[in-house]
Each structure stands twice: as structure tokens, then as C-alpha cells.
Amino acid sequence: MPRIQPIELDQAQPKAKALLEGVHKALGITPNIMATMAQSPATLEAYLGFGKALSGASISPQLREQIALTVAGENACGYCASAHTAIGAKLGVETDELAANLKGLSRNPKTEAALEFARQIVVERGWVSDDDLRNVREAGYTEGEITEIVAAVAQNIFSNYFNHIADTEVDFPRVEVPEHQTA
């Protein structure tokens with residue numbers, strides 16, 4: 001059961017209602033994460049704004065979804081693993097590739113370099129090594145693309161942590177992730 005409840009559209013504040021209507025119009029659904037974020041219209045607006053800004057990134061939408069899966073796998077976020085697997089599939093990423101991405105792996109060496117860099121950002125809490133940067137550069141990523149990878153990781157850490165706290169009900173075909181181990 002969710003620890004923060006999603007907002008029903010008819011009960012949403014005017015700003016949240018407008019944002020949720022825009023989400024529904026764009027996606028055809030209103031994902032539970034967004035209905036839950038609507039408890040604070042500012043939070044939902046920030047989340048949507050971050051996504052909108054990254055939609056203009058030079059890294060592909062597919063790679064952004066693959067990064068989201070790697071971050072979800074590292075953070076054991078079942079909601080995001082489920083959502084980004086569904087979205088990645090709609091963008092044409094193959095099922096076995098999506099499953100590998102959840103572990104930070106890819107058949108494509110360049111993609112895997114980006115996913116390993118994203119994984120290191122999460123594991124090292126941003127304190128990546130010079131070798132990590134060298135590896136992603138040698139795989140062919142520009143400074144701008146590296147910056148976009150960092151932004152995609154940050155956006156997904158936010159959604160992972162939000163879902164952990166809210167215990168958002170998964171409303172996509174469920175993808176299992178390893179259980180979180182508390183220290």
C-alpha cells in the first residue's frame with residue numbers, strides 16, 4: 001500500500017490538475033508516480049520539466065531509458081524498472097537488452113560504456129574516478145553527452161528515491177529487481 005497517496009484528478013489543486021491532464025493527453029495514461037507527485041504541484045512540475053529539458057538532449061531517448069534502467073537496477077526501484085522497461089520496449093529496445101540494461105550491461109560496447117559510467121555515478125555517489133571518465137570518453141562520448149548522462153542519472157535517482165519513500169504502486173507490467181539490503 002502506498003505510503004504517499006496518489007491524487008485523483010477531481011481532487012487535485014488547479015495547477016496539479018492541469019499538469020496531470022497534460023500528462024494524460026501526452027501519454028494516454030496518468031502513471032501513479034505522477035499522480036503521487038501531484039501531492040505537490042511544484043514537485044510534479046519540476047519532474048516534468050526535467051524530463052522535458054532532457055528530451056532535447058543529444059543522447060538518444062533509447063539511451064536515456066537504458067540509463068534509467070541501470071539506475072533503477074542499482075537502486076532496486078521496482079517501479080522505475082517496470083516503467084522504463086515498458087517505455088524502452090515502445091522505443092524499440094529489445095527485451096533481452098532491457099533486462100541486461102537493468103544490470104548495467106549491453107550488447108553494444110558504446111552503450112555499455114555509458115551504462116557503466118551511470119552505474120559508477122550511482123555507486124560512488126557522483127565521485128567517479130578519472131578512469132571512469134576516461135572510459136566513457138574513449139567509448140566516443142563528448143563532454144556534452146557525458147553531462148547529459150549525469151543529468152539522466154540525477155533525474156532517475158530522484159524518481160527512484162521518490163518511489164522508495166512513497167511506495168508507489170506499480171502500474172506497468174512488473175519487472176522484478178533485487179531486494180534492497182539495509183546496512
# chains A, B, ... in the order shown; residues from 1 in each chain; ligands from 1
>>> residues_around(residues="Ala118 of chain A", least_positions_apart="4", cutoff="12 Å", atoms="only C-alpha atoms", output="PyMOL selection string")
chain A and resi 63-75+101-105+111-114+122-128+132-133+135-136+145-157
>>> select_by_dssp(residues="segment 76-136 of chain A", states="alpha helix (DSSP H)", output="count of residues only")
42
>>> closest_residue(among="A:Asn160, A:Thr95, A:Ile165, A:Gln39", to="Gln5 of chain A", atoms="only C-alpha atoms")
A:Gln39
>>> atom_distance(atom1="atom CA of Ser106 of chain A", atom2="atom CA of Gly56 of chain A")
23.6 Å
>>> closest_residue(among="A:Ala139, A:Ala86, A:Met1, A:Leu115", to="Arg174 of chain A", atoms="only C-alpha atoms")
A:Ala86
>>> closest_residue(among="A:Lys15, A:Ile7, A:Tyr47, A:Pro41", to="Ser159 of chain A", atoms="only C-alpha atoms")
A:Tyr47
>>> residues_around(residues="Thr36 of chain A", least_positions_apart="3", cutoff="12 Å", atoms="only C-alpha atoms", output="JSON, numbers by chain")
{"A": [2, 3, 4, 5, 6, 7, 8, 9, 12, 16, 20, 30, 31, 32, 33, 39, 40, 41, 43, 44, 47, 159, 162, 163, 165, 166, 167, 168, 169, 170]}
